[in-house]
Each structure stands twice: as C-alpha cells, then as structure tokens.
Amino acid sequence: DVTRERELTQVKSEFTSTVSHELRTPLTSILGFAKLIRKRFDSGIMSRYVPETKKGQRAVRQIRENLRIMENEGQRLTRLINDVLDLSKIEAKKLDWNFECSDMNEVVRYVVENSRSHFDNKPGVAFVNSVDANLPEMRVDRIRFGQVLENLFLASLLVSKDGSVELRSILGTDCL
C-alpha cells in the first residue's frame, strides 16, 4: 500500500512538473510579444501619432492599459507556475534556498508593484502602503519571501469586500 502511494506521488509530481513546463513555454512567448508590442507602440507609433480627438486619446490609453494588464497577468501566471513547481520540489524535498542579505525596500517595492493591479480590479478595497522607506537589509531568500508576501496580499484581497488592506513594517534591526 505504501509502494502504491509512493508511485502515485511520483506520477503526480511528474505530471505537475510536465504541465508547468509546458505552460511556461507559450506563456514566455506571450509575455515577450506583449512587451515587444508595447515598446513598438510607444516608440514606433506614438512617436509619430498625436491623437487629436478624445476618442483617439481614449483608444491610446486603453491600448497602453491593456498591454500593461497583459504583461502583469502574464507575470502573475508565471509566478503561479513557479509556485506549483516549488510545491513539487517541496514534496520531493528538493527545494533550493538562496539566502542572501537583501534590500527589503526593493523586495517590498517589487511585490507592491506586482500586486497593485489586483487591488485596481477590486475598487471597494484600498491598498495602503505604510512601510517605512528605510527598511533594514535581511538575510532571506528574496524570491520565496516575495512569494509569501504576494500570497498574503492576494489572500487579504480575497477575504476583503470593502475597506482597506494595509502593509506595515515592524522591523528594526540590521541585516539578520
């Protein structure tokens, strides 16, 4: 019975890994094309075109916003795929940690920027960033820490119908 359970766990891990890698390939292409289209739109088209009507201006704003959303959502899907792969690695006890002295201001800024669009899509919930601008460096795996912080953001957003979600710092030591 234990052998069967191990076999099922192995099959599940292989399936998860294969599906994650198969999703990553087209997603990388989609993200690459979205970035390329945005750059060409801004440098090639918008450098020569100035919309003269409100309708034209609205169309330009909408195109830029749609491309930004495509990139953000593509990056979100990439992170979700990475999370799934990490779960497989955790189950297999093969997850690598990369602890380093990290600029926590940079880590928080990155996570806040990537999470903000989710709050934009839920107008009844405001995001309040009350983090001290001079956070100390900490010895963390910056990617894993960012994943945890982003997952907390998304979980708080899911359970919030209105009001606000506030991010506060409570740290106050040198690099740990």
# chains A, B, ... in the order shown; residues from 1 in each chain; ligands from 1
>>> residues_around(residues="Val148 (chain A)", least_positions_apart="4", cutoff="12 Å", atoms="only C-alpha atoms", output="list of chain:residue names")
A:Arg79, A:Asp83, A:Val107, A:Val108, A:Val111, A:Val140, A:Asp141, A:Arg142, A:Ile143, A:Arg144, A:Leu152, A:Phe153, A:Leu154, A:Ala155
>>> write_last_selection(atoms="all heavy atoms", output="tab-separated table (two decimals), in the first residue's frame")
chain	number	residue	atom	x	y	z
A	79	ARG	N	4.43	33.47	-12.07
A	79	ARG	CA	4.65	33.25	-10.64
A	79	ARG	C	3.82	32.06	-10.13
A	79	ARG	O	4.31	31.27	-9.31
A	79	ARG	CB	4.34	34.51	-9.84
A	79	ARG	CG	5.38	35.62	-10.03
A	79	ARG	CD	5.18	36.78	-9.08
A	79	ARG	NE	3.89	37.43	-9.21
A	79	ARG	CZ	3.59	38.37	-10.10
A	79	ARG	NH1	4.50	38.78	-10.96
A	79	ARG	NH2	2.39	38.90	-10.14
A	83	ASP	N	5.15	28.75	-8.43
A	83	ASP	CA	4.65	28.26	-7.14
A	83	ASP	C	4.31	26.78	-7.21
A	83	ASP	O	4.63	26.01	-6.29
A	83	ASP	CB	3.41	29.04	-6.70
A	83	ASP	CG	3.72	30.47	-6.24
A	83	ASP	OD1	4.92	30.79	-6.05
A	83	ASP	OD2	2.76	31.25	-6.08
A	107	VAL	N	12.59	44.53	-2.29
A	107	VAL	CA	11.70	43.37	-2.32
A	107	VAL	C	10.25	43.82	-2.14
A	107	VAL	O	9.36	43.42	-2.90
A	107	VAL	CB	12.09	42.33	-1.23
A	107	VAL	CG1	11.07	41.20	-1.17
A	107	VAL	CG2	13.48	41.78	-1.50
A	108	VAL	N	10.00	44.66	-1.14
A	108	VAL	CA	8.63	45.13	-0.88
A	108	VAL	C	8.12	45.96	-2.05
A	108	VAL	O	6.98	45.80	-2.48
A	108	VAL	CB	8.58	45.93	0.44
A	108	VAL	CG1	7.25	46.65	0.60
A	108	VAL	CG2	8.82	45.00	1.63
A	111	VAL	N	7.06	43.63	-4.89
A	111	VAL	CA	5.82	42.90	-4.60
A	111	VAL	C	4.61	43.84	-4.64
A	111	VAL	O	3.57	43.49	-5.19
A	111	VAL	CB	5.92	42.17	-3.24
A	111	VAL	CG1	4.58	41.58	-2.83
A	111	VAL	CG2	6.98	41.07	-3.30
A	140	VAL	N	17.46	36.72	3.67
A	140	VAL	CA	16.29	35.96	3.27
A	140	VAL	C	16.51	35.41	1.87
A	140	VAL	O	17.41	35.84	1.15
A	140	VAL	CB	15.00	36.83	3.25
A	140	VAL	CG1	14.67	37.37	4.63
A	140	VAL	CG2	15.09	37.96	2.24
A	141	ASP	N	15.67	34.48	1.50
A	141	ASP	CA	15.56	34.09	0.10
A	141	ASP	C	14.55	35.08	-0.48
A	141	ASP	O	13.35	34.99	-0.24
A	141	ASP	CB	15.05	32.65	-0.02
A	141	ASP	CG	14.97	32.17	-1.45
A	141	ASP	OD1	14.57	32.98	-2.33
A	141	ASP	OD2	15.29	31.00	-1.70
A	142	ARG	N	15.03	36.06	-1.21
A	142	ARG	CA	14.19	37.17	-1.65
A	142	ARG	C	13.03	36.72	-2.53
A	142	ARG	O	11.94	37.29	-2.46
A	142	ARG	CB	15.02	38.25	-2.34
A	142	ARG	CG	15.70	37.78	-3.60
A	142	ARG	CD	16.66	38.79	-4.23
A	142	ARG	NE	16.04	40.06	-4.50
A	142	ARG	CZ	16.50	41.23	-4.05
A	142	ARG	NH1	17.58	41.28	-3.33
A	142	ARG	NH2	15.87	42.33	-4.34
A	143	ILE	N	13.22	35.69	-3.32
A	143	ILE	CA	12.13	35.20	-4.18
A	143	ILE	C	11.06	34.54	-3.32
A	143	ILE	O	9.87	34.80	-3.48
A	143	ILE	CB	12.67	34.27	-5.27
A	143	ILE	CG1	13.53	35.08	-6.24
A	143	ILE	CG2	11.54	33.54	-5.98
A	143	ILE	CD1	14.21	34.31	-7.32
A	144	ARG	N	11.47	33.68	-2.40
A	144	ARG	CA	10.49	33.00	-1.54
A	144	ARG	C	9.78	34.01	-0.63
A	144	ARG	O	8.58	33.92	-0.43
A	144	ARG	CB	11.17	31.94	-0.67
A	144	ARG	CG	11.99	30.95	-1.44
A	144	ARG	CD	11.17	29.90	-2.13
A	144	ARG	NE	12.06	29.01	-2.83
A	144	ARG	CZ	12.09	28.89	-4.16
A	144	ARG	NH1	11.27	29.56	-4.90
A	144	ARG	NH2	12.94	28.08	-4.73
A	152	LEU	N	0.11	36.68	0.71
A	152	LEU	CA	-0.63	37.34	1.79
A	152	LEU	C	-1.48	38.48	1.23
A	152	LEU	O	-2.63	38.66	1.65
A	152	LEU	CB	0.34	37.87	2.85
A	152	LEU	CG	0.99	36.83	3.73
A	152	LEU	CD1	2.08	37.46	4.60
A	152	LEU	CD2	-0.04	36.11	4.60
A	153	PHE	N	-0.92	39.25	0.29
A	153	PHE	CA	-1.69	40.31	-0.36
A	153	PHE	C	-2.94	39.74	-1.01
A	153	PHE	O	-4.05	40.22	-0.81
A	153	PHE	CB	-0.88	40.98	-1.47
A	153	PHE	CG	-0.02	42.11	-1.02
A	153	PHE	CD1	1.21	42.29	-1.60
A	153	PHE	CD2	-0.43	43.01	-0.06
A	153	PHE	CE1	2.02	43.34	-1.22
A	153	PHE	CE2	0.36	44.06	0.33
A	153	PHE	CZ	1.60	44.22	-0.26
A	154	LEU	N	-2.74	38.72	-1.82
A	154	LEU	CA	-3.86	38.16	-2.58
A	154	LEU	C	-4.89	37.52	-1.65
A	154	LEU	O	-6.09	37.64	-1.88
A	154	LEU	CB	-3.35	37.16	-3.61
A	154	LEU	CG	-2.44	37.77	-4.69
A	154	LEU	CD1	-1.95	36.71	-5.65
A	154	LEU	CD2	-3.14	38.89	-5.43
A	155	ALA	N	-4.43	36.86	-0.59
A	155	ALA	CA	-5.36	36.26	0.37
A	155	ALA	C	-6.16	37.35	1.07
A	155	ALA	O	-7.38	37.22	1.26
A	155	ALA	CB	-4.60	35.41	1.38
>>> residues_around(residues="Asn134 (chain A)", least_positions_apart="3", cutoff="9 Å", atoms="only C-alpha atoms", output="list of chain:residue names")
A:Met104, A:Asn105, A:Val131
>>> write_last_selection(atoms="N, CA and C atoms", output="PDB file, in the first residue's frame")
ATOM      1  N   MET A 104      15.362  44.953   1.635  1.00  0.00           N
ATOM      2  CA  MET A 104      13.944  44.683   1.827  1.00  0.00           C
ATOM      3  C   MET A 104      13.069  45.766   1.200  1.00  0.00           C
ATOM      4  N   ASN A 105      13.594  46.997   1.085  1.00  0.00           N
ATOM      5  CA  ASN A 105      12.844  48.050   0.389  1.00  0.00           C
ATOM      6  C   ASN A 105      12.593  47.644  -1.059  1.00  0.00           C
ATOM      7  N   VAL A 131       4.688  51.121   4.861  1.00  0.00           N
ATOM      8  CA  VAL A 131       6.006  50.555   5.147  1.00  0.00           C
ATOM      9  C   VAL A 131       7.026  51.681   5.249  1.00  0.00           C
TER      10      VAL A 131
END
>>> closest_atom_pairs(of="region 27-86 of chain A", to="region 13-16 of chain A", cutoff="12 Å", atoms="only C-alpha atoms", output="Markdown table")
| residue | atom | partner | partner_atom | distance |
| --- | --- | --- | --- | --- |
| A:Ile81 | CA | A:Thr16 | CA | 9.6 |
| A:Asn82 | CA | A:Thr16 | CA | 10.9 |
| A:Asp83 | CA | A:Thr16 | CA | 11.0 |
| A:Val84 | CA | A:Thr16 | CA | 7.3 |
| A:Leu85 | CA | A:Thr16 | CA | 7.1 |
| A:Asp86 | CA | A:Thr16 | CA | 10.3 |
>>> select_by_dssp(residues="chain A", states="alpha helix (DSSP H)", output="PyMOL selection string")
chain A and resi 2-40+54-91+104-120+142-159
